[in-house]
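Below: structure-v9.cif (mmCIF, C-alpha atoms)
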data_data
loop_
_atom_site.group_PDB
_atom_site.id
_atom_site.type_symbol
_atom_site.label_atom_id
_atom_site.label_comp_id
_atom_site.auth_asym_id
_atom_site.auth_seq_id
_atom_site.Cartn_x
_atom_site.Cartn_y
_atom_site.Cartn_z
ATOM 1 C CA MET A 1 -6.084 49.582 24.487
ATOM 2 C CA SER A 2 -6.249 45.973 23.264
ATOM 3 C CA GLU A 3 -5.361 45.124 19.677
ATOM 4 C CA PRO A 4 -8.152 43.752 17.456
ATOM 5 C CA GLU A 5 -7.868 40.147 16.286
ATOM 6 C CA VAL A 6 -10.219 40.520 13.328
ATOM 7 C CA LEU A 7 -11.166 43.367 10.997
ATOM 8 C CA PHE A 8 -14.668 42.949 9.561
ATOM 9 C CA CYS A 9 -14.625 44.787 6.212
ATOM 10 C CA LEU A 10 -17.805 46.235 4.694
ATOM 11 C CA HIS A 11 -17.753 47.237 1.037
ATOM 12 C CA PHE A 12 -18.986 50.158 -1.069
ATOM 13 C CA LEU A 13 -22.140 50.358 -3.206
ATOM 14 C CA GLY A 14 -21.629 47.911 -6.067
ATOM 15 C CA GLY A 15 -18.682 46.245 -4.356
ATOM 16 C CA SER A 16 -18.405 42.918 -2.581
ATOM 17 C CA ALA A 17 -16.208 41.027 -0.159
ATOM 18 C CA ARG A 18 -13.739 40.739 -3.066
ATOM 19 C CA SER A 19 -13.155 44.496 -2.853
ATOM 20 C CA TRP A 20 -10.982 43.846 0.225
ATOM 21 C CA GLU A 21 -8.820 41.030 -1.172
ATOM 22 C CA ARG A 22 -5.875 43.306 -1.954
ATOM 23 C CA LEU A 23 -5.967 44.812 1.541
ATOM 24 C CA ALA A 24 -6.053 41.310 3.032
ATOM 25 C CA ARG A 25 -2.909 40.421 1.071
ATOM 26 C CA ALA A 26 -1.229 43.653 2.195
ATOM 27 C CA LEU A 27 -1.980 42.724 5.825
ATOM 28 C CA ASP A 28 -0.627 39.197 5.413
ATOM 29 C CA GLY A 29 1.970 38.452 8.073
ATOM 30 C CA THR A 30 0.341 40.711 10.672
ATOM 31 C CA PRO A 31 -1.731 39.495 13.661
ATOM 32 C CA LEU A 32 -4.807 41.186 12.174
ATOM 33 C CA THR A 33 -7.123 38.987 10.070
ATOM 34 C CA CYS A 34 -9.227 40.700 7.405
ATOM 35 C CA VAL A 35 -12.751 39.226 7.224
ATOM 36 C CA PRO A 36 -14.742 40.789 4.347
ATOM 37 C CA VAL A 37 -18.542 40.547 4.505
ATOM 38 C CA ASP A 38 -20.888 40.632 1.525
ATOM 39 C CA LEU A 39 -23.726 43.005 2.400
ATOM 40 C CA PRO A 40 -27.298 41.986 1.467
ATOM 41 C CA GLY A 41 -27.899 42.417 -2.255
ATOM 42 C CA PHE A 42 -24.210 42.284 -3.212
ATOM 43 C CA GLY A 43 -21.542 39.707 -3.977
ATOM 44 C CA ASP A 44 -22.406 36.212 -2.755
ATOM 45 C CA ALA A 45 -25.266 37.733 -0.717
ATOM 46 C CA ALA A 46 -26.970 39.165 -3.819
ATOM 47 C CA ASP A 47 -30.035 37.024 -3.154
ATOM 48 C CA ARG A 48 -30.331 38.034 0.501
ATOM 49 C CA PRO A 49 -33.017 40.649 1.316
ATOM 50 C CA GLY A 50 -32.703 43.508 3.791
ATOM 51 C CA TYR A 51 -31.296 46.679 2.241
ATOM 52 C CA SER A 52 -31.809 49.277 4.969
ATOM 53 C CA VAL A 53 -28.884 50.364 7.152
ATOM 54 C CA ALA A 54 -30.395 48.542 10.130
ATOM 55 C CA ALA A 55 -30.954 45.335 8.160
ATOM 56 C CA MET A 56 -27.407 45.414 6.820
ATOM 57 C CA ALA A 57 -26.121 45.980 10.353
ATOM 58 C CA ASP A 58 -28.105 42.951 11.535
ATOM 59 C CA HIS A 59 -26.504 40.881 8.764
ATOM 60 C CA VAL A 60 -23.004 41.938 9.804
ATOM 61 C CA ALA A 61 -23.798 41.371 13.479
ATOM 62 C CA GLU A 62 -24.618 37.758 12.570
ATOM 63 C CA ALA A 63 -21.178 37.393 10.997
ATOM 64 C CA VAL A 64 -19.493 38.857 14.075
ATOM 65 C CA ARG A 65 -21.373 36.557 16.450
ATOM 66 C CA ALA A 66 -20.643 33.524 14.259
ATOM 67 C CA ARG A 67 -16.905 34.161 14.505
ATOM 68 C CA ALA A 68 -17.095 35.459 18.098
ATOM 69 C CA PRO A 69 -13.731 37.245 18.331
ATOM 70 C CA ALA A 70 -12.725 38.686 21.694
ATOM 71 C CA ARG A 71 -11.585 41.927 20.034
ATOM 72 C CA PHE A 72 -12.388 43.208 16.570
ATOM 73 C CA GLY A 73 -12.623 46.280 14.368
ATOM 74 C CA PHE A 74 -14.940 47.434 11.590
ATOM 75 C CA ALA A 75 -13.605 48.783 8.306
ATOM 76 C CA GLY A 76 -16.390 50.445 6.352
ATOM 77 C CA HIS A 77 -15.977 51.749 2.817
ATOM 78 C CA SER A 78 -18.552 54.271 1.528
ATOM 79 C CA MET A 79 -21.926 52.523 2.033
ATOM 80 C CA GLY A 80 -20.229 50.108 4.438
ATOM 81 C CA ALA A 81 -19.062 52.969 6.651
ATOM 82 C CA LYS A 82 -22.616 54.013 7.479
ATOM 83 C CA VAL A 83 -23.361 50.432 8.469
ATOM 84 C CA ALA A 84 -20.163 50.324 10.551
ATOM 85 C CA LEU A 85 -21.192 53.474 12.435
ATOM 86 C CA ALA A 86 -24.601 51.976 13.242
ATOM 87 C CA LEU A 87 -22.883 48.830 14.534
ATOM 88 C CA ALA A 88 -20.442 50.865 16.612
ATOM 89 C CA ARG A 89 -23.344 52.535 18.407
ATOM 90 C CA ARG A 90 -24.843 49.115 19.135
ATOM 91 C CA SER A 91 -21.480 47.930 20.432
ATOM 92 C CA GLU A 92 -21.025 50.926 22.720
ATOM 93 C CA ASP A 93 -24.555 50.392 24.003
ATOM 94 C CA GLY A 94 -23.505 46.924 25.140
ATOM 95 C CA GLU A 95 -25.320 44.702 22.641
ATOM 96 C CA ALA A 96 -24.491 41.031 23.198
ATOM 97 C CA GLY A 97 -21.883 39.720 20.781
ATOM 98 C CA LEU A 98 -20.713 43.179 19.712
ATOM 99 C CA THR A 99 -18.943 44.419 22.833
ATOM 100 C CA GLY A 100 -15.416 43.561 21.680
ATOM 101 C CA LEU A 101 -15.165 46.510 19.250
ATOM 102 C CA THR A 102 -11.810 48.292 19.540
ATOM 103 C CA ASP A 103 -11.466 50.310 16.309
ATOM 104 C CA LEU A 104 -13.309 51.932 13.406
ATOM 105 C CA ILE A 105 -11.692 52.383 9.983
ATOM 106 C CA LEU A 106 -13.872 54.579 7.764
ATOM 107 C CA VAL A 107 -12.840 54.850 4.120
ATOM 108 C CA SER A 108 -14.570 57.509 1.994
ATOM 109 C CA GLY A 109 -17.478 56.875 4.305
ATOM 110 C CA SER A 110 -21.146 57.557 3.860
ATOM 111 C CA PRO A 111 -21.840 59.738 6.931
ATOM 112 C CA PRO A 112 -24.561 59.288 9.553
ATOM 113 C CA SER A 113 -26.443 62.132 7.855
ATOM 114 C CA PRO A 114 -28.019 61.803 4.382
ATOM 115 C CA GLU A 115 -25.305 61.356 1.797
ATOM 116 C CA PRO A 116 -24.429 64.455 -0.295
ATOM 117 C CA ILE A 117 -25.059 63.004 -3.759
ATOM 118 C CA PRO A 118 -26.218 65.477 -6.429
ATOM 119 C CA ALA A 119 -29.739 64.664 -7.608
ATOM 120 C CA ASP A 120 -28.753 64.416 -11.271
ATOM 121 C CA ARG A 121 -26.011 61.884 -10.559
ATOM 122 C CA ARG A 122 -28.335 59.829 -8.384
ATOM 123 C CA ALA A 123 -30.942 59.826 -11.152
ATOM 124 C CA LYS A 124 -28.384 58.694 -13.729
ATOM 125 C CA MET A 125 -27.192 55.837 -11.519
ATOM 126 C CA LEU A 126 -30.786 54.704 -11.032
ATOM 127 C CA ALA A 127 -31.588 54.918 -14.745
ATOM 128 C CA TRP A 128 -29.165 52.322 -16.099
ATOM 129 C CA ILE A 129 -29.258 49.578 -13.464
ATOM 130 C CA ASP A 130 -32.290 47.936 -15.157
ATOM 131 C CA ALA A 131 -31.121 48.580 -18.716
ATOM 132 C CA ASN A 132 -30.085 45.967 -21.305
ATOM 133 C CA PRO A 133 -26.844 44.013 -20.680
ATOM 134 C CA GLU A 134 -24.728 46.079 -23.068
ATOM 135 C CA THR A 135 -25.808 49.370 -21.507
ATOM 136 C CA ARG A 136 -25.356 48.019 -17.987
ATOM 137 C CA ARG A 137 -21.798 46.863 -18.711
ATOM 138 C CA ARG A 138 -20.868 50.185 -20.312
ATOM 139 C CA GLU A 139 -22.348 52.191 -17.449
ATOM 140 C CA ALA A 140 -20.883 49.927 -14.765
ATOM 141 C CA GLN A 141 -17.424 50.482 -16.241
ATOM 142 C CA ALA A 142 -18.057 54.233 -16.410
ATOM 143 C CA PHE A 143 -19.184 54.160 -12.756
ATOM 144 C CA VAL A 144 -15.959 52.481 -11.638
ATOM 145 C CA ARG A 145 -13.742 54.768 -13.715
ATOM 146 C CA ALA A 146 -15.510 57.902 -12.467
ATOM 147 C CA ASN A 147 -14.756 56.923 -8.885
ATOM 148 C CA VAL A 148 -10.983 56.501 -9.097
ATOM 149 C CA GLY A 149 -8.122 58.963 -9.294
ATOM 150 C CA ALA A 150 -5.437 57.678 -11.648
ATOM 151 C CA GLY A 151 -7.265 54.549 -12.814
ATOM 152 C CA LEU A 152 -7.053 50.864 -11.943
ATOM 153 C CA ASP A 153 -5.045 48.072 -13.508
ATOM 154 C CA PRO A 154 -7.132 46.060 -16.041
ATOM 155 C CA GLU A 155 -7.640 43.021 -13.791
ATOM 156 C CA THR A 156 -8.779 45.054 -10.776
ATOM 157 C CA GLU A 157 -11.102 47.165 -12.932
ATOM 158 C CA ALA A 158 -12.630 44.087 -14.563
ATOM 159 C CA ARG A 159 -13.358 42.523 -11.165
ATOM 160 C CA ALA A 160 -14.865 45.768 -9.869
ATOM 161 C CA VAL A 161 -17.122 46.052 -12.926
ATOM 162 C CA ALA A 162 -18.176 42.409 -12.541
ATOM 163 C CA ASP A 163 -19.138 43.083 -8.916
ATOM 164 C CA VAL A 164 -21.343 46.001 -9.944
ATOM 165 C CA LEU A 165 -23.039 43.827 -12.572
ATOM 166 C CA ARG A 166 -23.793 40.970 -10.161
ATOM 167 C CA ALA A 167 -25.381 43.296 -7.594
ATOM 168 C CA GLU A 168 -29.129 42.872 -7.129
ATOM 169 C CA PRO A 169 -30.739 45.875 -8.899
ATOM 170 C CA ALA A 170 -33.289 46.215 -6.085
ATOM 171 C CA ALA A 171 -30.446 46.608 -3.555
ATOM 172 C CA TRP A 172 -28.695 49.177 -5.750
ATOM 173 C CA LYS A 173 -31.897 51.224 -6.049
ATOM 174 C CA ALA A 174 -32.755 50.827 -2.363
ATOM 175 C CA TRP A 175 -29.454 52.335 -1.314
ATOM 176 C CA LEU A 176 -29.666 55.295 -3.691
ATOM 177 C CA GLU A 177 -33.317 56.024 -2.937
ATOM 178 C CA GLU A 178 -33.439 55.178 0.770
ATOM 179 C CA GLY A 179 -30.297 53.892 2.523
ATOM 180 C CA ALA A 180 -28.015 56.758 1.524
ATOM 181 C CA ASN A 181 -30.714 59.181 2.662
ATOM 182 C CA GLU A 182 -31.262 57.660 6.095
ATOM 183 C CA ASP A 183 -30.437 60.073 8.899
ATOM 184 C CA TRP A 184 -28.615 58.293 11.731
ATOM 185 C CA CYS A 185 -27.159 61.385 13.391
ATOM 186 C CA ARG A 186 -29.217 61.169 16.576
ATOM 187 C CA ARG A 187 -28.917 57.413 16.903
ATOM 188 C CA VAL A 188 -25.148 57.379 16.371
ATOM 189 C CA GLY A 189 -24.525 60.409 18.607
ATOM 190 C CA ILE A 190 -20.832 60.677 19.446
ATOM 191 C CA LEU A 191 -18.844 57.443 19.509
ATOM 192 C CA ARG A 192 -15.887 56.855 21.799
ATOM 193 C CA THR A 193 -14.290 54.061 19.745
ATOM 194 C CA PRO A 194 -10.934 55.206 18.272
ATOM 195 C CA ALA A 195 -11.433 55.874 14.569
ATOM 196 C CA LEU A 196 -9.302 56.378 11.490
ATOM 197 C CA ILE A 197 -10.985 58.319 8.675
ATOM 198 C CA LEU A 198 -9.424 58.088 5.210
ATOM 199 C CA ALA A 199 -10.483 60.047 2.144
ATOM 200 C CA GLY A 200 -9.048 60.488 -1.322
ATOM 201 C CA SER A 201 -8.110 63.971 -2.459
ATOM 202 C CA GLU A 202 -9.955 63.355 -5.757
ATOM 203 C CA ASP A 203 -13.196 62.114 -4.159
ATOM 204 C CA VAL A 204 -15.772 64.704 -5.201
ATOM 205 C CA ASP A 205 -18.681 63.856 -2.884
ATOM 206 C CA LEU A 206 -17.172 62.070 0.121
ATOM 207 C CA GLY A 207 -13.676 63.524 0.208
ATOM 208 C CA PRO A 208 -11.822 65.133 3.135
ATOM 209 C CA ASP A 209 -14.128 68.155 3.432
ATOM 210 C CA ALA A 210 -17.255 66.006 3.617
ATOM 211 C CA GLN A 211 -15.624 63.679 6.158
ATOM 212 C CA ARG A 212 -14.534 66.609 8.292
ATOM 213 C CA ALA A 213 -17.989 68.194 8.233
ATOM 214 C CA LEU A 214 -20.293 65.172 8.353
ATOM 215 C CA THR A 215 -18.473 62.210 9.934
ATOM 216 C CA ALA A 216 -15.765 63.554 12.247
ATOM 217 C CA PRO A 217 -18.217 65.353 14.607
ATOM 218 C CA HIS A 218 -19.616 61.935 15.563
ATOM 219 C CA LEU A 219 -16.232 60.573 16.666
ATOM 220 C CA ALA A 220 -14.688 61.704 19.947
ATOM 221 C CA HIS A 221 -11.307 60.116 19.122
ATOM 222 C CA HIS A 222 -10.416 60.214 15.453
ATOM 223 C CA HIS A 223 -7.648 60.936 12.976
ATOM 224 C CA LEU A 224 -8.433 62.121 9.447
ATOM 225 C CA VAL A 225 -6.015 61.269 6.636
ATOM 226 C CA THR A 226 -6.181 62.616 3.088
ATOM 227 C CA VAL A 227 -4.640 60.258 0.506
ATOM 228 C CA ASP A 228 -3.384 62.312 -2.416
ATOM 229 C CA GLY A 229 -4.262 61.309 -5.967
ATOM 230 C CA VAL A 230 -6.925 58.822 -4.898
ATOM 231 C CA GLY A 231 -10.632 58.927 -5.703
ATOM 232 C CA HIS A 232 -13.452 57.097 -3.953
ATOM 233 C CA LEU A 233 -12.114 53.529 -4.208
ATOM 234 C CA LEU A 234 -9.048 53.549 -1.945
ATOM 235 C CA PRO A 235 -9.121 49.783 -1.130
ATOM 236 C CA LEU A 236 -8.874 49.084 -4.865
ATOM 237 C CA GLU A 237 -6.590 51.986 -5.818
ATOM 238 C CA ARG A 238 -3.982 51.908 -3.036
ATOM 239 C CA PRO A 239 -4.425 48.832 -0.807
ATOM 240 C CA VAL A 240 -0.809 48.921 0.389
ATOM 241 C CA VAL A 241 -1.153 52.570 1.426
ATOM 242 C CA LEU A 242 -4.387 51.713 3.216
ATOM 243 C CA ALA A 243 -2.624 48.881 5.069
ATOM 244 C CA GLU A 244 0.196 51.220 6.095
ATOM 245 C CA HIS A 245 -2.229 53.770 7.532
ATOM 246 C CA LEU A 246 -4.138 51.008 9.295
ATOM 247 C CA ARG A 247 -0.998 49.674 10.961
ATOM 248 C CA ALA A 248 0.043 53.183 11.993
ATOM 249 C CA HIS A 249 -3.418 53.803 13.468
ATOM 250 C CA LEU A 250 -3.278 50.636 15.547
ATOM 251 C CA ALA A 251 0.156 51.573 16.850
ATOM 252 C CA ASP A 252 -0.609 55.212 17.654
ATOM 253 C CA ARG A 253 -4.385 55.489 18.031
ATOM 254 C CA PRO A 254 -5.676 57.735 20.819
ATOM 255 C CA ARG A 255 -6.429 56.184 24.172
ATOM 256 C CA PRO A 256 -9.470 57.808 25.756
ATOM 257 C CA ARG A 257 -8.751 59.299 29.192
ATOM 258 C CA VAL A 258 -11.273 59.204 31.976
ATOM 259 C CA GLU A 259 -11.753 62.538 33.707
ATOM 260 C CA ALA A 260 -14.442 64.446 35.502
ATOM 261 C CA GLY A 261 -17.030 66.192 33.383
ATOM 262 C CA PRO A 262 -20.068 68.403 33.800
ATOM 263 C CA ALA A 263 -23.215 67.250 35.548
ATOM 264 C CA VAL A 264 -26.007 65.699 33.513
ATOM 265 C CA PRO A 265 -28.342 68.499 32.358
ATOM 266 C CA PRO A 266 -31.631 68.507 34.323
ATOM 267 C CA ASP A 267 -33.822 68.237 31.219
ATOM 268 C CA TYR A 268 -31.844 65.215 30.013
ATOM 269 C CA ALA A 269 -32.112 63.609 33.462
ATOM 270 C CA ALA A 270 -35.869 64.235 33.352
ATOM 271 C CA LEU A 271 -36.112 62.492 30.002
ATOM 272 C CA ILE A 272 -34.215 59.464 31.330
ATOM 273 C CA ALA A 273 -36.538 59.230 34.321
ATOM 274 C CA SER A 274 -39.787 59.793 32.419
ATOM 275 C CA ASP A 275 -42.367 57.107 31.681
ATOM 276 C CA ARG A 276 -41.762 57.660 27.946
ATOM 277 C CA VAL A 277 -38.473 55.712 28.266
ATOM 278 C CA ASN A 278 -38.446 51.944 28.826
ATOM 279 C CA SER A 279 -35.930 50.268 31.149
ATOM 280 C CA ARG A 280 -33.557 49.114 28.417
ATOM 281 C CA LEU A 281 -33.364 52.530 26.801
ATOM 282 C CA ARG A 282 -33.128 54.187 30.220
ATOM 283 C CA GLY A 283 -30.015 52.144 31.017
ATOM 284 C CA ALA A 284 -28.387 53.028 27.691
ATOM 285 C CA LEU A 285 -29.165 56.740 28.108
ATOM 286 C CA ALA A 286 -27.844 56.756 31.648
ATOM 287 C CA GLU A 287 -24.612 55.066 30.545
ATOM 288 C CA ARG A 288 -24.097 57.556 27.723
ATOM 289 C CA ALA A 289 -24.658 60.431 30.151
ATOM 290 C CA VAL A 290 -21.547 59.519 32.163
ATOM 291 C CA PRO A 291 -18.875 62.052 31.044
ATOM 292 C CA ASP A 292 -15.551 60.356 30.407
ATOM 293 C CA ASP A 293 -13.415 62.785 28.416
ATOM 294 C CA PRO A 294 -13.359 66.422 27.258
ATOM 295 C CA ALA A 295 -14.779 65.631 23.821
ATOM 296 C CA TYR A 296 -17.783 64.009 25.456
ATOM 297 C CA ARG A 297 -18.986 67.413 26.688
ATOM 298 C CA GLY A 298 -20.144 68.031 23.131
ATOM 299 C CA TYR A 299 -22.265 64.929 23.351
ATOM 300 C CA LEU A 300 -23.923 66.190 26.527
ATOM 301 C CA GLU A 301 -24.913 69.339 24.659
ATOM 302 C CA HIS A 302 -26.207 67.116 21.862
ATOM 303 C CA CYS A 303 -28.272 65.175 24.438
ATOM 304 C CA ARG A 304 -29.561 68.436 25.916
ATOM 305 C CA ARG A 305 -30.991 69.476 22.551
ATOM 306 C CA ILE A 306 -32.621 66.091 21.983
ATOM 307 C CA ALA A 307 -34.142 66.078 25.454
ATOM 308 C CA ARG A 308 -35.566 69.564 25.020
ATOM 309 C CA GLU A 309 -37.164 68.591 21.712
ATOM 310 C CA ALA A 310 -38.665 65.427 23.247
ATOM 311 C CA LEU A 311 -40.037 67.274 26.270
ATOM 312 C CA ASP A 312 -41.442 70.094 24.131
ATOM 313 C CA ALA A 313 -43.207 67.559 21.913
ATOM 314 C CA ALA A 314 -44.785 65.749 24.866
#

Before we go any further, please render this structure as structure tokens.
Amino acid sequence: MSEPEVLFCLHFLGGSARSWERLARALDGTPLTCVPVDLPGFGDAADRPGYSVAAMADHVAEAVRARAPARFGFAGHSMGAKVALALARRSEDGEAGLTGLTDLILVSGSPPSPEPIPADRRAKMLAWIDANPETRRREAQAFVRANVGAGLDPETEARAVADVLRAEPAAWKAWLEEGANEDWCRRVGILRTPALILAGSEDVDLGPDAQRALTAPHLAHHHLVTVDGVGHLLPLERPVVLAEHLRAHLADRPRPRVEAGPAVPPDYAALIASDRVNSRLRGALAERAVPDDPAYRGYLEHCRRIAREALDAA
């Protein structure tokens, strides 16, 4: 499998492109170039609208097409991981400008399913974003500190808090109320792109167990790594460790093998051929129905269930 030239890095809720600066320095001297992207509502894109997962994916797709690398990867952290998964599906479906995807790096990722955030914590995070400056600064610092394991150095913490404070409140609320709750399971399906999943042992909501249950089933070729002593903010807490795992993944990542698989289920074939499917979607469905490895059999079963539901509803 070809090596990526560029790694487009998508940050966490309240983060920015600056969240990846320490990883970029740790990767200095390697052929891989780290290209962080400010998502709409955050960082230097705080004034840009479009806070849904799809709108954020469109924004990142623009950045990819503007740079036009032959081969590239997506690194998605928390909120950014959900966006990266949506983009990976678009890449595997052959969307122009996105077909050079070689790798997915998902760090404490928001899964394709609704994010498992307790209602009381969500309510608290929503309550202070529009408060007075003193309250916002205090709560932003508490937010950062609650999401790390052993704490950050003063400079890194100060920059992380500043990023939270410069986020557009409407974007912050949109993610907590809508984006994090979007269900992309059916649209993402099972991806064939080799993926590295990283999670901190101290991450309460999106740690190893959540990644294993909610994200891994959507990835036919993945490796899950638990980073001990780390909370939710791995790129800020242990950027050198993240770089080491990234390099190891690129050296040893699985290479999908093509082999014969089961026939396309009749009900799924009927859905593809029906007049409820336009030509573009029909081509994408037909391509996904070609079995190419053992793990893909699970996707065929997934397609069977979707087809049955669609036909029953007709």

Could you tell me how far atom CA of A:Pro111 sits from atom CA of A:Lys82, in Å to one decimal place?
5.8 Å

Atom-to-atom span, atom CA of A:Gly97 and atom CA of A:Glu3, Å
17.4 Å

If you take all atoms listed in the file and a cut-off of 8 Å, which residues of stretch 143-198 of chain A touch stretch 229-250 of chain A, and what are their nearest atom pairs and distances in Å to one decimal, in chain and number order, as a Markdown table?
| residue | atom | partner | partner_atom | distance |
| --- | --- | --- | --- | --- |
| A:Asn147 | CA | A:His232 | CA | 5.1 |
| A:Val148 | CA | A:Gly231 | CA | 4.2 |
| A:Gly149 | CA | A:Gly231 | CA | 4.4 |
| A:Ala150 | CA | A:Gly229 | CA | 6.8 |
| A:Gly151 | CA | A:Glu237 | CA | 7.5 |
| A:Leu152 | CA | A:Glu237 | CA | 6.2 |
| A:Thr156 | CA | A:Leu236 | CA | 7.2 |
| A:Leu196 | CA | A:His249 | CA | 6.7 |

Run the PyMOL selection byres ((chain A and resi 49) around 12) mentally over the shown coordinates, then write out the matched residues as JSON, numbers by chain, using the chain letters and numbers from the document.
{"A": [39, 40, 41, 42, 45, 46, 47, 48, 50, 51, 52, 55, 56, 58, 59, 168, 169, 170, 171, 172, 174]}

Just write the chosen residues, C-alpha atoms, as a short mmCIF file (atom, residue, chain, number, x, y, z; two decimals), in the coordinates of the input.
data_model
loop_
_atom_site.label_atom_id
_atom_site.label_comp_id
_atom_site.auth_asym_id
_atom_site.auth_seq_id
_atom_site.Cartn_x
_atom_site.Cartn_y
_atom_site.Cartn_z
CA LEU A 39 -23.73 43.00 2.40
CA PRO A 40 -27.30 41.99 1.47
CA GLY A 41 -27.90 42.42 -2.26
CA PHE A 42 -24.21 42.28 -3.21
CA ALA A 45 -25.27 37.73 -0.72
CA ALA A 46 -26.97 39.16 -3.82
CA ASP A 47 -30.04 37.02 -3.15
CA ARG A 48 -30.33 38.03 0.50
CA GLY A 50 -32.70 43.51 3.79
CA TYR A 51 -31.30 46.68 2.24
CA SER A 52 -31.81 49.28 4.97
CA ALA A 55 -30.95 45.34 8.16
CA MET A 56 -27.41 45.41 6.82
CA ASP A 58 -28.10 42.95 11.54
CA HIS A 59 -26.50 40.88 8.76
CA GLU A 168 -29.13 42.87 -7.13
CA PRO A 169 -30.74 45.88 -8.90
CA ALA A 170 -33.29 46.22 -6.08
CA ALA A 171 -30.45 46.61 -3.56
CA TRP A 172 -28.70 49.18 -5.75
CA ALA A 174 -32.76 50.83 -2.36
#

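Across A:Glu95, A:Pro118, A:His11, A:Arg22, the tightest approach to A:Gly80 is made by A:His11 when counting all atoms listed in the file.
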
Nearest to A:Arg89 among A:Ala210, A:Arg18, A:His222, A:Cys185, with distances taken over all atoms listed in the file: which residue is it?
A:Cys185

Taking 6 positions as the minimum chain separation for residues in the same chain, which residues sit within 10 Å of A:Ala195 when counting all atoms listed in the file? Answer as a list of chain:residue names.
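Skipping anything fewer than 6 positions along the chain leaves A:Gly73, A:Phe74, A:Ala75, A:Thr102, A:Asp103, A:Leu104, A:Ile105, A:Leu106, A:Ala216, A:Leu219, A:Ala220, A:His221, A:His222, A:His223, A:Leu224, A:His249, A:Leu250, A:Arg253, A:Pro254.
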
Spell out the residues picked by the PyMOL selection byres ((chain A and resi 62-70) around 8) here, as a PyMOL selection string.
chain A and resi 5-6+8+37+58-61+71-72+97-98+100

Quick one: apply the PyMOL selection byres ((chain A and resi 207) around 10) to the file and drop the selected residues here as a ChimeraX atom specification.
/A:107-109,198-206,208-212,226-227,230-232

Selection near A:Ser19, 9 Å with all atoms listed in the file, sequence-local residues under 2 positions removed, as a PyMOL selection string
chain A and resi 11-12+15-17+21-23+36+159-160+163+235-236
